[in-house]
Each structure stands twice: as C-alpha cells, then as structure tokens.
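Content type mmCIF, C-alpha atoms, from the file run-v6.cif:
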```
data_work
loop_
_atom_site.label_atom_id
_atom_site.label_comp_id
_atom_site.auth_asym_id
_atom_site.auth_seq_id
_atom_site.Cartn_x
_atom_site.Cartn_y
_atom_site.Cartn_z
CA MET A 1 -3.91 45.45 3.54
CA ASN A 2 -4.09 46.23 -0.19
CA GLN A 3 -4.57 43.38 -2.61
CA ARG A 4 -1.21 42.47 -4.12
CA HIS A 5 -0.80 42.13 -7.84
CA THR A 6 0.15 38.59 -8.81
CA HIS A 7 1.61 39.14 -12.28
CA TYR A 8 3.75 41.83 -13.88
CA ARG A 9 5.54 42.50 -17.12
CA VAL A 10 8.31 44.90 -18.06
CA SER A 11 7.06 48.14 -19.63
CA ASP A 12 7.54 48.40 -23.38
CA HIS A 13 9.69 51.51 -23.07
CA VAL A 14 12.21 49.87 -20.74
CA TYR A 15 15.38 48.08 -21.78
CA ALA A 16 17.12 45.82 -19.29
CA GLN A 17 20.83 45.21 -19.70
CA ASP A 18 22.78 42.79 -17.52
CA VAL A 19 26.29 43.87 -16.70
CA LEU A 20 28.20 41.24 -14.74
CA ASP A 21 25.94 40.48 -11.75
CA GLU A 22 24.07 43.80 -11.84
CA THR A 23 21.38 45.11 -14.17
CA VAL A 24 20.76 48.54 -15.64
CA LEU A 25 17.25 49.55 -16.63
CA MET A 26 16.91 52.25 -19.25
CA ASP A 27 13.60 54.11 -19.44
CA THR A 28 13.54 55.37 -22.99
CA HIS A 29 10.58 57.65 -22.32
CA GLY A 30 12.22 59.77 -19.67
CA GLY A 31 15.84 59.03 -20.53
CA HIS A 32 16.37 57.80 -16.98
CA TYR A 33 18.55 54.93 -15.83
CA PHE A 34 18.09 52.65 -12.84
CA GLU A 35 20.69 50.46 -11.26
CA LEU A 36 19.78 47.10 -9.76
CA ASN A 37 22.20 45.52 -7.31
CA PRO A 38 22.87 41.77 -7.65
CA SER A 39 19.91 40.61 -5.54
CA ALA A 40 17.50 43.09 -7.15
CA ALA A 41 18.86 42.01 -10.53
CA ASP A 42 18.03 38.36 -9.65
CA ILE A 43 14.47 39.33 -8.77
CA PHE A 44 14.10 41.32 -11.99
CA ARG A 45 15.43 38.45 -14.12
CA LEU A 46 12.97 36.03 -12.48
CA LEU A 47 10.15 38.49 -13.03
CA GLN A 48 11.05 38.65 -16.72
CA LYS A 49 11.20 34.85 -16.80
CA HIS A 50 7.95 34.04 -15.01
CA GLY A 51 5.84 37.20 -14.76
CA ASP A 52 4.18 35.37 -11.87
CA VAL A 53 5.20 36.61 -8.42
CA GLN A 54 4.54 33.29 -6.68
CA ARG A 55 6.76 31.39 -9.11
CA LEU A 56 9.36 34.11 -8.74
CA LEU A 57 9.27 33.72 -4.96
CA ALA A 58 9.49 29.94 -5.16
CA GLU A 59 12.57 30.03 -7.36
CA LEU A 60 14.15 32.80 -5.34
CA GLN A 61 13.61 30.83 -2.14
CA GLN A 62 15.73 28.04 -3.58
CA ALA A 63 18.59 30.43 -4.31
CA TYR A 64 18.54 32.50 -1.13
CA ASP A 65 18.75 31.21 2.41
CA ALA A 66 16.18 33.64 3.81
CA GLU A 67 13.04 33.48 5.88
CA PRO A 68 10.13 33.25 3.38
CA GLN A 69 8.12 36.15 4.80
CA ALA A 70 11.13 38.46 4.85
CA LEU A 71 11.99 37.42 1.31
CA ALA A 72 8.44 38.11 0.12
CA ARG A 73 8.45 41.50 1.86
CA ASP A 74 11.70 42.50 0.13
CA VAL A 75 10.44 41.30 -3.24
CA TYR A 76 7.20 43.26 -2.93
CA LEU A 77 9.10 46.37 -1.84
CA LEU A 78 11.16 46.17 -5.02
CA LEU A 79 8.14 45.42 -7.21
CA ASP A 80 6.24 48.36 -5.71
CA ASP A 81 9.21 50.62 -6.39
CA LEU A 82 9.59 49.41 -9.98
CA GLU A 83 5.86 49.82 -10.57
CA GLN A 84 5.85 53.35 -9.15
CA GLN A 85 8.69 54.25 -11.52
CA GLY A 86 6.69 52.86 -14.44
CA LEU A 87 9.30 50.21 -15.17
CA ILE A 88 6.93 47.27 -14.72
CA ILE A 89 3.18 47.09 -15.02
CA PRO A 90 0.68 44.68 -13.39
CA VAL A 91 -1.08 42.34 -15.80
CA ALA A 92 -3.85 39.78 -15.57
CA PRO A 93 -2.73 36.18 -15.10
CA VAL A 94 -2.54 34.13 -18.28
CA SER A 95 -5.40 31.65 -18.11
CA MET B 96 39.77 61.68 -54.68
CA THR B 97 41.88 61.63 -51.55
CA HIS B 98 42.56 58.72 -49.17
CA TYR B 99 42.66 59.13 -45.41
CA HIS B 100 43.02 56.78 -42.44
CA TYR B 101 41.18 58.14 -39.42
CA HIS B 102 40.07 56.24 -36.30
CA ASP B 103 40.65 52.97 -38.18
CA VAL B 104 38.34 54.02 -40.99
CA ALA B 105 39.72 54.12 -44.54
CA ILE B 106 38.14 57.18 -46.08
CA THR B 107 38.07 58.13 -49.73
CA SER B 108 36.78 61.63 -50.05
CA GLU B 109 35.78 64.11 -52.70
CA ILE B 110 36.13 66.80 -50.01
CA ASP B 111 39.48 67.89 -48.60
CA LEU B 112 39.31 66.83 -44.96
CA GLY B 113 42.50 68.61 -43.96
CA LEU B 114 43.99 65.39 -42.59
CA PRO B 115 47.31 63.80 -43.57
CA GLN B 116 46.79 61.71 -46.68
CA ASP B 117 47.01 57.94 -46.43
CA LYS B 118 49.32 57.27 -49.34
CA ALA B 119 50.04 53.71 -48.16
CA LYS B 120 46.29 52.89 -48.12
CA LEU B 121 46.50 51.11 -44.77
CA GLN B 122 44.17 48.30 -43.74
CA ALA B 123 41.17 49.55 -41.80
CA ARG B 124 38.16 48.19 -39.94
CA LEU B 125 35.68 50.12 -42.04
CA HIS B 126 35.60 51.83 -45.40
CA LEU B 127 33.79 55.07 -46.03
CA HIS B 128 33.34 57.13 -49.15
CA ILE B 129 32.52 60.81 -48.83
CA GLU B 130 30.69 62.07 -51.87
CA ARG B 131 30.08 65.72 -52.66
CA ARG B 132 26.73 66.58 -54.20
CA ALA B 133 26.04 69.81 -56.09
CA ASN B 134 22.34 70.11 -55.29
CA ALA B 135 20.39 70.05 -52.05
CA ILE B 136 19.04 66.67 -51.02
CA VAL B 137 15.26 66.35 -51.06
CA MET B 138 14.28 64.97 -47.68
CA ASP B 139 11.23 62.88 -46.76
CA GLY B 140 8.60 64.66 -44.69
CA ALA B 141 9.00 66.33 -41.32
CA PRO B 142 12.16 66.02 -39.21
CA LEU B 143 12.38 63.01 -36.90
CA TRP B 144 14.41 65.00 -34.40
CA GLN B 145 15.76 68.53 -33.89
CA SER B 146 18.53 69.63 -31.56
CA THR B 147 17.82 71.83 -28.57
CA LEU B 148 20.71 74.03 -29.69
CA ARG B 149 19.10 76.91 -31.61
CA ASP B 150 20.12 80.11 -33.32
CA ALA B 151 18.76 83.58 -32.46
CA HIS B 152 15.67 82.90 -34.60
CA ASN B 153 14.98 79.60 -32.82
CA ASN B 154 16.11 77.50 -35.78
CA PRO B 155 17.65 74.19 -34.66
CA HIS B 156 21.33 73.74 -35.45
CA PHE B 157 20.75 70.07 -36.30
CA SER B 158 17.69 68.35 -37.77
CA LEU B 159 17.33 64.68 -38.60
CA TYR B 160 15.34 63.56 -41.62
CA THR B 161 15.21 60.40 -43.70
CA VAL B 162 16.00 60.08 -47.38
CA ALA B 163 15.04 56.80 -49.02
CA GLY B 164 14.86 55.22 -45.58
CA GLU B 165 18.34 56.33 -44.51
CA PRO B 166 19.15 59.13 -42.06
CA CYS B 167 20.09 62.58 -43.26
CA LEU B 168 21.28 65.33 -40.93
CA ALA B 169 20.72 68.94 -41.89
CA VAL B 170 23.17 71.35 -40.23
CA LEU B 171 22.05 74.95 -40.07
CA GLY B 172 24.16 77.24 -42.23
CA THR B 173 26.31 74.37 -43.47
CA GLY B 174 24.47 71.75 -45.47
CA GLN B 175 23.14 68.21 -45.44
CA PHE B 176 24.79 64.88 -44.66
CA TRP B 177 23.05 61.75 -45.92
CA LEU B 178 24.34 58.76 -43.98
CA ARG B 179 24.29 55.71 -46.22
CA SER B 180 25.75 52.30 -45.37
CA ASP B 181 28.97 52.73 -47.35
CA ARG B 182 29.10 56.49 -47.86
CA ILE B 183 28.18 59.91 -46.64
CA VAL B 184 26.68 62.14 -49.29
CA VAL B 185 27.33 65.82 -48.57
CA TYR B 186 25.55 68.84 -49.91
CA CYS B 187 27.41 71.92 -48.72
CA GLN B 188 26.29 75.53 -48.89
CA VAL B 189 28.58 77.76 -50.95
CA THR B 190 30.69 79.39 -48.26
CA ALA B 191 30.30 76.77 -45.55
CA ASN B 192 32.94 74.37 -44.31
CA PRO B 193 31.47 70.91 -43.66
CA VAL B 194 34.70 69.33 -42.39
CA PRO B 195 34.39 70.02 -38.63
CA PHE B 196 30.96 68.37 -38.71
CA LEU B 197 32.07 65.53 -40.97
CA LEU B 198 34.94 64.59 -38.68
CA GLY B 199 32.85 65.01 -35.54
CA ARG B 200 29.14 64.46 -35.11
CA ILE B 201 28.56 63.09 -38.62
CA LEU B 202 31.34 60.48 -38.55
CA ALA B 203 30.35 59.49 -35.00
CA THR B 204 26.76 58.96 -36.09
CA TRP B 205 27.84 56.97 -39.15
CA LEU B 206 30.00 54.75 -36.90
CA GLU B 207 27.13 54.22 -34.45
CA LEU B 208 24.92 53.18 -37.37
CA ARG B 209 27.61 50.61 -38.23
CA GLY B 210 27.43 49.24 -34.66
CA VAL B 211 30.48 50.99 -33.22
CA PRO B 212 29.73 52.85 -29.99
CA VAL B 213 31.37 56.27 -29.88
CA LEU B 214 32.12 58.17 -26.68
CA HIS B 215 32.88 61.84 -26.40
CA GLY B 216 36.37 62.01 -25.03
CA ALA B 217 40.12 62.26 -25.35
CA THR B 218 42.47 59.30 -25.14
CA VAL B 219 46.02 59.44 -23.84
CA THR B 220 48.57 56.66 -23.70
CA MET B 221 51.49 55.66 -21.59
CA GLN B 222 53.50 52.45 -21.87
CA ASN B 223 51.31 51.35 -24.80
CA LYS B 224 48.13 51.47 -22.69
CA ALA B 225 45.26 53.78 -23.42
CA THR B 226 43.21 55.68 -20.90
CA ALA B 227 40.12 57.49 -22.09
CA LEU B 228 38.99 60.72 -20.46
CA VAL B 229 35.27 61.04 -21.08
CA GLY B 230 32.55 63.41 -20.01
CA GLU B 231 29.95 65.81 -21.20
CA SER B 232 30.80 68.92 -23.17
CA GLY B 233 32.74 71.31 -20.92
CA ALA B 234 33.92 68.57 -18.55
CA GLY B 235 37.56 69.41 -19.25
CA LYS B 236 38.60 66.42 -21.35
CA SER B 237 40.88 68.23 -23.77
CA THR B 238 42.28 70.46 -21.05
CA LEU B 239 43.26 67.52 -18.86
CA ALA B 240 44.57 65.54 -21.83
CA THR B 241 46.77 68.49 -22.82
CA ALA B 242 48.02 68.84 -19.26
CA LEU B 243 48.89 65.12 -19.28
CA LEU B 244 50.83 65.52 -22.55
CA GLN B 245 53.02 67.97 -20.74
CA CYS B 246 53.67 65.28 -18.11
CA GLY B 247 54.98 62.73 -20.60
CA TYR B 248 51.84 61.11 -21.96
CA GLN B 249 50.89 60.90 -25.62
CA LEU B 250 47.64 61.80 -27.31
CA LEU B 251 45.91 59.03 -29.24
CA ALA B 252 42.66 60.76 -30.09
CA ASP B 253 40.69 63.83 -29.15
CA ASP B 254 36.94 64.46 -29.34
CA LEU B 255 35.83 61.12 -30.83
CA LEU B 256 36.39 57.82 -29.10
CA PRO B 257 35.15 54.95 -31.29
CA LEU B 258 35.22 51.66 -29.35
CA PHE B 259 36.04 48.92 -31.82
CA GLY B 260 35.92 45.43 -30.35
CA SER B 261 39.23 43.61 -30.37
CA GLY B 262 37.85 40.12 -29.83
CA MET B 263 40.14 39.87 -26.80
CA GLY B 264 38.22 41.80 -24.18
CA HIS B 265 39.77 45.22 -24.25
CA PRO B 266 38.64 47.45 -27.11
CA LEU B 267 41.33 48.92 -29.29
CA ILE B 268 41.51 52.67 -29.64
CA ALA B 269 42.81 53.79 -33.01
CA PRO B 270 44.65 57.05 -33.58
CA GLY B 271 42.70 60.12 -34.56
CA PHE B 272 44.43 63.22 -35.84
CA PRO B 273 47.10 65.09 -33.83
CA ILE B 274 45.00 68.03 -32.77
CA SER B 275 43.39 69.13 -29.54
CA ARG B 276 40.40 71.44 -29.27
CA LEU B 277 40.81 73.85 -26.37
CA TRP B 278 38.82 76.72 -24.97
CA PRO B 279 40.85 79.95 -25.07
CA ASP B 280 41.35 80.11 -21.28
CA SER B 281 42.65 76.52 -21.21
CA ALA B 282 44.92 77.17 -24.19
CA ALA B 283 46.26 80.32 -22.54
CA HIS B 284 46.99 78.49 -19.29
CA LEU B 285 48.59 75.43 -20.88
CA LEU B 286 50.20 76.80 -24.05
CA GLY B 287 50.64 80.51 -23.47
CA ASP B 288 49.75 82.50 -26.56
CA VAL B 289 46.25 81.81 -27.90
CA ASP B 290 46.32 84.16 -30.90
CA PRO B 291 48.22 81.85 -33.29
CA LEU B 292 45.73 79.03 -32.71
CA PRO B 293 42.95 78.83 -35.33
CA ARG B 294 39.32 78.46 -34.35
CA VAL B 295 37.70 75.03 -34.69
CA HIS B 296 34.87 76.65 -36.66
CA PRO B 297 33.93 80.29 -37.22
CA ARG B 298 30.87 79.82 -34.98
CA TYR B 299 32.84 78.33 -32.06
CA ASN B 300 35.51 79.90 -29.95
CA LYS B 301 37.43 76.67 -29.28
CA ARG B 302 40.95 76.65 -30.69
CA LEU B 303 42.89 73.98 -32.55
CA TRP B 304 46.29 73.00 -31.29
CA HIS B 305 48.34 70.83 -33.66
CA ASN B 306 50.38 68.61 -31.41
CA ALA B 307 52.07 66.06 -33.66
CA ASP B 308 55.10 65.96 -31.37
CA TYR B 309 52.96 64.50 -28.59
CA CYS B 310 51.02 61.89 -30.53
CA ASP B 311 50.84 58.14 -30.43
CA GLN B 312 50.12 56.75 -33.90
CA HIS B 313 49.39 53.12 -33.05
CA PRO B 314 46.16 51.44 -31.92
CA ARG B 315 46.28 50.70 -28.18
CA PRO B 316 44.15 48.58 -25.89
CA LEU B 317 41.85 50.60 -23.70
CA THR B 318 42.79 49.75 -20.13
CA ARG B 319 40.88 52.38 -18.23
CA LEU B 320 38.01 54.83 -18.65
CA VAL B 321 37.92 57.94 -16.50
CA ILE B 322 34.73 59.97 -16.28
CA LEU B 323 35.52 63.59 -15.51
CA ALA B 324 33.59 65.49 -12.86
CA ARG B 325 35.31 68.85 -12.78
CA GLY B 326 34.20 71.05 -9.91
CA ALA B 327 32.62 68.12 -8.04
CA ALA B 328 35.12 68.11 -5.16
CA GLU B 329 37.67 70.27 -3.41
CA GLU B 330 40.17 67.42 -3.32
CA VAL B 331 41.20 65.22 -6.21
CA GLN B 332 39.50 61.84 -5.94
CA LEU B 333 39.60 58.83 -8.26
CA ILE B 334 36.61 56.66 -7.41
CA PRO B 335 36.10 53.17 -8.90
CA LEU B 336 32.57 52.64 -10.20
CA THR B 337 30.49 49.48 -10.10
CA PRO B 338 29.72 47.93 -13.49
CA ALA B 339 26.14 49.26 -13.42
CA GLU B 340 27.28 52.76 -12.42
CA SER B 341 29.90 52.58 -15.16
CA LEU B 342 27.35 51.63 -17.79
CA ILE B 343 25.00 54.46 -16.84
CA GLN B 344 27.79 57.03 -16.80
CA LEU B 345 29.17 55.89 -20.16
CA GLN B 346 25.73 55.88 -21.72
CA ARG B 347 25.44 59.53 -20.68
CA ALA B 348 28.91 60.31 -22.01
CA ALA B 349 28.24 58.66 -25.33
CA HIS B 350 28.10 60.78 -28.44
CA ASP B 351 24.81 62.59 -28.96
CA PRO B 352 22.40 60.60 -26.73
CA ALA B 353 19.33 62.41 -28.06
CA LEU B 354 20.27 61.78 -31.68
CA ALA B 355 21.05 58.13 -30.90
CA ALA B 356 17.61 57.81 -29.33
CA ALA B 357 15.98 59.33 -32.43
CA LEU B 358 17.84 56.81 -34.57
CA GLY B 359 16.80 53.90 -32.32
CA LEU B 360 20.40 53.14 -31.39
CA GLU B 361 20.10 53.28 -27.60
CA LYS B 362 19.62 49.57 -27.00
CA GLN B 363 22.46 48.55 -29.30
CA ARG B 364 24.74 51.08 -27.62
CA LEU B 365 23.76 49.86 -24.15
CA GLN B 366 24.59 46.27 -25.12
CA LYS B 367 27.97 47.19 -26.58
CA LEU B 368 28.95 49.38 -23.64
CA ALA B 369 27.94 46.61 -21.22
CA THR B 370 30.56 44.32 -22.75
CA ILE B 371 33.14 47.08 -22.40
CA VAL B 372 32.51 47.85 -18.72
CA ALA B 373 32.71 44.13 -18.01
CA THR B 374 36.39 44.21 -19.02
CA VAL B 375 37.59 47.80 -18.68
CA PRO B 376 37.63 49.43 -15.22
CA VAL B 377 35.80 52.74 -15.02
CA TYR B 378 36.55 55.54 -12.56
CA ARG B 379 34.98 58.85 -11.69
CA LEU B 380 37.56 61.60 -11.32
CA GLU B 381 36.37 64.42 -9.08
CA TYR B 382 38.55 67.50 -8.95
CA PRO B 383 38.38 71.24 -8.32
CA ASN B 384 37.57 73.59 -11.16
CA GLU B 385 40.85 75.50 -10.99
CA PHE B 386 43.75 75.45 -13.41
CA ARG B 387 46.16 75.53 -10.50
CA ASP B 388 44.95 72.09 -9.44
CA LEU B 389 45.72 70.40 -12.78
CA ASP B 390 49.16 69.30 -11.60
CA ALA B 391 47.57 67.51 -8.64
CA VAL B 392 45.07 65.85 -10.98
CA CYS B 393 47.86 64.64 -13.26
CA ALA B 394 49.79 63.35 -10.26
CA ARG B 395 46.73 61.47 -9.01
CA LEU B 396 46.29 59.78 -12.36
CA ALA B 397 49.93 59.06 -13.00
CA PRO B 398 50.64 56.09 -10.70
CA ALA B 399 47.58 54.21 -11.88
CA PHE B 400 48.50 54.76 -15.53
CA SER B 401 51.66 52.76 -15.07
CA ALA B 402 50.26 50.22 -12.61
CA SER B 403 51.42 46.76 -13.59
CA THR B 404 48.16 45.18 -12.41
CA GLU B 405 46.29 46.64 -15.36
CA PRO B 406 46.70 44.89 -18.67
#
```

Write the structure described by the file as structure tokens, please.
Amino acid sequence: MNQRHTHYRVSDHVYAQDVLDETVLMDTHGGHYFELNPSAADIFRLLQKHGDVQRLLAELQQAYDAEPQALARDVYLLLDDLEQQGLIIPVAPVS
Amino acid sequence: MTHYHYHDVAITSEIDLGLPQDKAKLQARLHLHIERRANAIVMDGAPLWQSTLRDAHNNPHFSLYTVAGEPCLAVLGTGQFWLRSDRIVVYCQVTANPVPFLLGRILATWLELRGVPVLHGATVTMQNKATALVGESGAGKSTLATALLQCGYQLLADDLLPLFGSGMGHPLIAPGFPISRLWPDSAAHLLGDVDPLPRVHPRYNKRLWHNADYCDQHPRPLTRLVILARGAAEEVQLIPLTPAESLIQLQRAAHDPALAAALGLEKQRLQKLATIVATVPVYRLEYPNEFRDLDAVCARLAPAFSASTEP
C-alpha cells in the first residue's frame, strides 16, 4: 500500500465558495469548476481548517455516524481525487 | 451634457447615447460620467489580455491595458475606453460609433469593477416579478424573451443584467432600454419584416427592435433565473438546479468571463453570485432548436411565472 500523505493545503489558484451546504471550487488556471456535495464540502472545509488528515478524520467522526475505516476510505478517495485535479497539494507537517 | 437613467445608473454623458433623456434626474444606485477625449489615450506597456475574437489580419477585437493603474479597453476600429472609478473616458475614432460598446461590454465591465455582478441575459416580468433568461451568446435569450412578450409578458432589460443587491434577499433588476437585439431569422419569425429593423452595429448582423409598448419601466425583484440550453433536448424540460450547479452555470453565463479573469474579478463575482443562488431559484431550460417549438417553451414557462409560491 502506498504511503498516505498526512497534510494538504488548497492550491493557490483555487477559490472555494460555499453556497448553502455545498461548495464550488474554481480552478483559475484552467477555468474549471468543481462541485462538492454536502459531505464532500464538509471534508473540504475541515481540510482547509486543519490541513492535517488525522485531525480532519477525528472531527468528521464526531459529526458523522459512520464506521471509522469506511469514513477514512471515503475521505482518502476524495483527497486523492482533489489532488489528481490539482486542487489540493500535499505538504510537510508543520513542526 | 445629457442625463440618462439606465440600469439604475445615473449617467451624464458628453456622447449622445441614443437613450431617452432623464429630465427628472431620478435617484440611482450609481453615478457615471462619460467623458469624450479628443486624443488617443497613451496606455501603459503591453496588453494584459486580448480577446480571442480577431479580424481577418488576426488583430484582436478587444485588448485590455492599464492607464495610471486603471483598466483601459481598446476596441478595434472604434477607440479606447478608460474605466475610472467615477467615469469612463472615451477616445473615439473619427467615423466610429462607440455607443453599442459603451452600453454593452464597457458598462458591464465598469459595473463589475464597482462590485455589481452582470449576467448576459434578458429579463421579462409578469405580475411584478422578474425572470431572467441567461445563457451564452447564441443561446436564444432575446428570441425567447421576444416570444414571451407576445404571450403577455413585459421586457425589463435585454443584453445586460446587472444584479444589484436589494438588502432583502432577492436582487432588484432595474429597467434597461426598450430594445431587443435579434438575429435576422428570429426577427423574421417573430416580427415578420426584417428590413425596417436597423443593425445593432455595422459589423454585426443582429437587428434592433424598439419595443416600448411591451416594456416594464419599474425595478422588479428577481424571482427566478433560467439558463437556456437550446438544442439540448427534443422535449421542453425545466430542470431545477442545485445551488452549486446554479453557481457554476451563472459564473459561465456572466458577462465576459475571460475579461473578468484578467481584471481579477472572478472571486468577487463568485461570492456575489453565491448569495444570489442562495435566494433565487435557478433552472436549466432544455428545448429543441426549432422556431416552431417556441410556443411550447412559452407554455412550459408560463405557469411557473405566475406561481404563488414564488415571492
């Protein structure tokens, strides 16, 4: 299994805009837009808040009644997707 | 100097804009002075942006420069428009007519710089409620709006759709000028004889239809936005969009996305439009690309226009 990144930040060329319980991401480089449904929007907001995936998961676990491994799998699926699109980038942990 | 009142902007102009004069000098949200300049404006450095629309020699129709830190748009074959905070300074080539640009792209850009998002669309009203028909160029906004006028609706504005906040949720749409801009085939289908209709501009084949008898002259709350997708379906469908879908679609339908990006206005526009889609329902209207289906499109829109559940 590949080593997971532990910390991310939003790319400089991406704007995030909440709209009710959803979020729209605007990639100003490519002029593309991405739509996050309410649960994906929650994950993205927590990523912006913490940058640290473990802290994100801990806070998300309190909000969602889900099995921890399934929750972590879904979170990493989203993070992988966002990273592949260039919307977030892995960073080194702040010491 | 002539006074005008256009889209809730009080304009004093040294150039005849061809609009009805505002002799009463009505209150307005914004004030704009249009100043004519005899000599070309000296612009700073290379253009920040150039339009993809080009002439036969590959010259861009629109180029954005800065002058003393403020944007200045050069329009090929027409002149220059320096967008200052309280005025637009115009240098116009001898035989050119700057008015179609001033009242379109230039005014829209000036409004965006003042924090007012501007969509590309036509607005019709019924029972004091405004519905905006928006979409990209060629989506059929003016054609559908004109068809709706013939079904009892009134035209509030065509082409520009500035979204001024009302402080009460729904933005207010202010009247434009009682004209529609129609392609000749649309004008022929809806109005009959095209020949008496003047061209919007010598370079464009769209025609102007003065329709004062069908106009609403009062600001109205925007109660619905309809994004047109002509040719997207064989049956007429009115599909409600989620807030995120709405925001993305409106961002695409906003005036001059590439120019807004060059001016650094994208984020501000996204924020403003997000507040609008939180209060105004947005729909995607899919319909066949045939004039004969316009009646069915109007009929599909009609019941919802008068629905009492919408404010």

- For region 60-71 of chain A: contacts at 10 Å, all atoms listed in the file, fewer than 4 positions along chain excluded, given as a ChimeraX atom specification: /A:39,42-43,46,54-56,75-77

Reference answer for the PyMOL selection byres ((chain A) within 9 of (chain B)), as a short mmCIF file (atom, residue, chain, number, x, y, z; two decimals) with C-alpha atoms, in the frame of the given file:
```
data_model
loop_
_atom_site.label_atom_id
_atom_site.label_comp_id
_atom_site.auth_asym_id
_atom_site.auth_seq_id
_atom_site.Cartn_x
_atom_site.Cartn_y
_atom_site.Cartn_z
CA TYR A 15 15.38 48.08 -21.78
CA ALA A 16 17.12 45.82 -19.29
CA GLN A 17 20.83 45.21 -19.70
CA ASP A 18 22.78 42.79 -17.52
CA VAL A 19 26.29 43.87 -16.70
CA LEU A 20 28.20 41.24 -14.74
CA ASP A 21 25.94 40.48 -11.75
CA GLU A 22 24.07 43.80 -11.84
CA THR A 23 21.38 45.11 -14.17
CA VAL A 24 20.76 48.54 -15.64
CA MET A 26 16.91 52.25 -19.25
CA THR A 28 13.54 55.37 -22.99
CA GLY A 31 15.84 59.03 -20.53
CA TYR A 33 18.55 54.93 -15.83
CA PHE A 34 18.09 52.65 -12.84
CA GLU A 35 20.69 50.46 -11.26
CA LEU A 36 19.78 47.10 -9.76
CA ASN A 37 22.20 45.52 -7.31
#
```

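Applied to the file shown here, the PyMOL selection byres ((chain A and resi 7) around 7) selects His5, Thr6, Tyr8, Gly51, Asp52, Val53, Pro90, Val91, Ala92 and Pro93 of chain A.
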
Protein and nucleic acid residues near (26.8, 56.3, -26.2) (cut-off 6 Å, only C-alpha atoms) as a PDB file with C-alpha atoms, in the frame of the given file:
```
ATOM      1  CA  PRO B 212      29.730  52.850 -29.990  1.00  0.00           C
ATOM      2  CA  VAL B 213      31.370  56.270 -29.880  1.00  0.00           C
ATOM      3  CA  LEU B 214      32.120  58.170 -26.680  1.00  0.00           C
ATOM      4  CA  GLN B 346      25.730  55.880 -21.720  1.00  0.00           C
ATOM      5  CA  ALA B 349      28.240  58.660 -25.330  1.00  0.00           C
ATOM      6  CA  HIS B 350      28.100  60.780 -28.440  1.00  0.00           C
ATOM      7  CA  ARG B 364      24.740  51.080 -27.620  1.00  0.00           C
TER       8      ARG B 364
END
```

- Item | the PyMOL selection byres ((chain B and resi 125-137) around 6) applied to the shown file, residues as number ranges by chain | B: 104-109, 123-124, 138, 181-186

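Atom to atom, CA of Pro314 (chain B) and CA of Cys393 (chain B) stand 22.9 Å apart.
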
- Rounded to one decimal place, report the CA of Tyr299 (chain B)-CA of Pro273 (chain B) distance in Å. 19.5 Å

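Across the model, the gap from CA of His284 (chain B) to CA of Val229 (chain B) is 21.1 Å.
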
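Nearest-residue note for Leu114 (chain B): choosing from B:His305, B:Arg209, B:Arg298, B:Arg149, the minimum distance belongs to B:His305, counting all atoms listed in the file.
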
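With all atoms listed in the file taken into account, the protein and nucleic acid residues at most 6 Å from Val321 (chain B) (excluding it and anything under 6 positions from it in its own chain) are Leu228, Val377, Tyr378 and Arg379 of chain B.
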
- Closest of A:Asp27, A:Glu59, A:Asp12, A:Asp74 to Ala40 (chain A), counting all atoms listed in the file, is A:Asp74

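The nearest approach to Gln145 (chain B) among the residues B:Tyr160, B:Ser237, B:Ala283, B:Leu251, with only C-alpha atoms taken into account, belongs to B:Tyr160.
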
- Item | Surrounding residues of Ala203 (chain B) excluding itself and chain neighbours under 2 positions, 9 Å, only C-alpha atoms, as a PyMOL selection string | chain B and resi 197-201+205-208+211-214+255-257+350-351

Let's have the selection written as a PDB file, in the frame of the given file, with C-alpha atoms.
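Contents of the output file result16.pdb:
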```pdb
ATOM      1  CA  LEU B 197      32.070  65.530 -40.970  1.00  0.00           C
ATOM      2  CA  LEU B 198      34.940  64.590 -38.680  1.00  0.00           C
ATOM      3  CA  GLY B 199      32.850  65.010 -35.540  1.00  0.00           C
ATOM      4  CA  ARG B 200      29.140  64.460 -35.110  1.00  0.00           C
ATOM      5  CA  ILE B 201      28.560  63.090 -38.620  1.00  0.00           C
ATOM      6  CA  TRP B 205      27.840  56.970 -39.150  1.00  0.00           C
ATOM      7  CA  LEU B 206      30.000  54.750 -36.900  1.00  0.00           C
ATOM      8  CA  GLU B 207      27.130  54.220 -34.450  1.00  0.00           C
ATOM      9  CA  LEU B 208      24.920  53.180 -37.370  1.00  0.00           C
ATOM     10  CA  VAL B 211      30.480  50.990 -33.220  1.00  0.00           C
ATOM     11  CA  PRO B 212      29.730  52.850 -29.990  1.00  0.00           C
ATOM     12  CA  VAL B 213      31.370  56.270 -29.880  1.00  0.00           C
ATOM     13  CA  LEU B 214      32.120  58.170 -26.680  1.00  0.00           C
ATOM     14  CA  LEU B 255      35.830  61.120 -30.830  1.00  0.00           C
ATOM     15  CA  LEU B 256      36.390  57.820 -29.100  1.00  0.00           C
ATOM     16  CA  PRO B 257      35.150  54.950 -31.290  1.00  0.00           C
ATOM     17  CA  HIS B 350      28.100  60.780 -28.440  1.00  0.00           C
ATOM     18  CA  ASP B 351      24.810  62.590 -28.960  1.00  0.00           C
TER      19      ASP B 351
END
```

Would you mind listing what lies within 9 Å of Ile274 (chain B) as a PDB file with C-alpha atoms, keeping the file's coordinate frame, with all atoms listed in the file counted and same-chain residues fewer than 4 positions away left out?
```pdb
ATOM      1  CA  LEU B 250      47.640  61.800 -27.310  1.00  0.00           C
ATOM      2  CA  ALA B 252      42.660  60.760 -30.090  1.00  0.00           C
ATOM      3  CA  ASP B 253      40.690  63.830 -29.150  1.00  0.00           C
ATOM      4  CA  LEU B 303      42.890  73.980 -32.550  1.00  0.00           C
ATOM      5  CA  TRP B 304      46.290  73.000 -31.290  1.00  0.00           C
ATOM      6  CA  HIS B 305      48.340  70.830 -33.660  1.00  0.00           C
ATOM      7  CA  ASN B 306      50.380  68.610 -31.410  1.00  0.00           C
ATOM      8  CA  ALA B 307      52.070  66.060 -33.660  1.00  0.00           C
ATOM      9  CA  CYS B 310      51.020  61.890 -30.530  1.00  0.00           C
TER      10      CYS B 310
END
```

Padding 3 Å on each side, edges along x, y and z: where is the centre of the box around the listed atoms of region 32-45 of chain A, and how long are its edges in Å to one decimal? Output it as AutoDock Vina command-line options.
```
--center_x 18.5 --center_y 48.1 --center_z -11.3 --size_x 14.8 --size_y 25.4 --size_z 17.4
```

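Proximity of B:Pro142, B:Pro166, B:Gly230, B:Gly172 to Val189 (chain B), computed with all atoms listed in the file, is greatest for B:Gly172.
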
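If you measure from each of A:Arg73, A:Leu25, A:Ile89, A:Asp81 to Arg45 (chain A) using all atoms listed in the file, the closest one turns out to be A:Leu25.
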
- Message: With distances taken over all atoms listed in the file, which residue among A:Pro38, A:Gln3, A:Leu57, A:Phe44 lies nearest Leu82 (chain A)?
- Response: A:Phe44
